[in-house]
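Have a look at the structure below, then the notes.
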Amino acid sequence: MIALAVLLSAARLLPSVVTLLPYLRGRLTLQLFAAHFVAVSIWVESRRLLPPLPPAGRLPFYFGMVTVFNVGCVAATFVGFMLAGRLPHALAIGLTFLTPISFLLSLTRNSRDQVDYLSLAFGLALAPLFAAYGGHLDLLWTGLAGGTAAWLIHRWRKKARAA
């Protein structure tokens, strides 16, 4: 059962890894090693910062960025653990929203095409609906419905422009 939980947890990042690895061309062992460090924050910033770099400099830059992010994460986790019992309750609850707000701002800043903005808009609009009626899979249903709707509109508009 634990193996299944780990598999499902890791599978959610597979699309991120698949879209990021073409930028990190190198020896297969280095690519496989780099794949283990993909997280949402790394993926978002890599998609923005890696394409303009020369191909030979992408892998070292990626590992430098990953190191800074991970060291910062460990340090912030330690500080948060030490302060957790001492913070006022309202501040502790407010800090809980830093992660989703950070992801939302990063995704908005790095959106390039209309399909990116549509995905965000549909996700934000559908999230309360699926939170109320989606059971424990509300995030999955929100992503599937919002992403699919955005993709279908994008494809429809692309065909309409081509015709």
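Quick note on naming: the chains in the structure tokens go A, B, ... in the order shown, residues restart at 1 in each chain, and ligands are numbered from 1 in order of appearance.
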Practice item. May I have the residues within 9 Å of Gly147 (chain A) as JSON, numbers by chain, using only C-alpha atoms and disregarding those fewer than 5 positions away in the same chain? Key: {"A": [115, 116, 118, 119, 120, 122, 123, 142, 152]}
Check your understanding: Using only C-alpha atoms, which residues sit within 8 Å of Arg25 (chain A) once same-chain residues fewer than 6 positions away are excluded, as an MDAnalysis selection string?
Key -> chainID A and resid 31 55 59
Go ahead and save the picked residues with C-alpha atoms, as a PDB file, in the first residue's frame.
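This went into out_5.pdb:
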```
ATOM      1  CA  GLN A  31      19.215  13.654 -16.649  1.00  0.00           C
ATOM      2  CA  PRO A  55      22.357  24.355 -23.953  1.00  0.00           C
ATOM      3  CA  LEU A  59      22.293  21.697 -16.548  1.00  0.00           C
TER       4      LEU A  59
END
```
Enumerate, in order of chain and increasing residue number, the residues of region 26-57 of chain A with an atom no farther than 12 Å from region 9-19 of chain A, each with its shortest atom pair and distance in Å to one decimal, counting only C-alpha atoms, as a tab-separated table.
```
residue	atom	partner	partner_atom	distance
A:Gln31	CA	A:Val17	CA	10.0
A:Leu32	CA	A:Val17	CA	9.8
A:Phe33	CA	A:Val17	CA	11.4
A:Ala34	CA	A:Val17	CA	9.1
A:Ala35	CA	A:Val17	CA	6.0
A:His36	CA	A:Val17	CA	8.6
A:Phe37	CA	A:Val17	CA	9.2
A:Val38	CA	A:Val17	CA	6.4
A:Ala39	CA	A:Leu13	CA	7.2
A:Val40	CA	A:Ser16	CA	7.7
A:Ser41	CA	A:Ser16	CA	10.6
A:Ile42	CA	A:Ser16	CA	9.6
A:Trp43	CA	A:Ser16	CA	6.4
A:Val44	CA	A:Ser16	CA	9.0
A:Glu45	CA	A:Ser16	CA	11.7
A:Ser46	CA	A:Thr19	CA	10.3
A:Arg47	CA	A:Thr19	CA	8.6
```
Exercise for review: Could you tell me how far CA of Phe69 (chain A) lies from CA of Pro54 (chain A), in Å and to one decimal?
Suggested key: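 Between CA of Phe69 (chain A) and CA of Pro54 (chain A) the gap is 21.8 Å.
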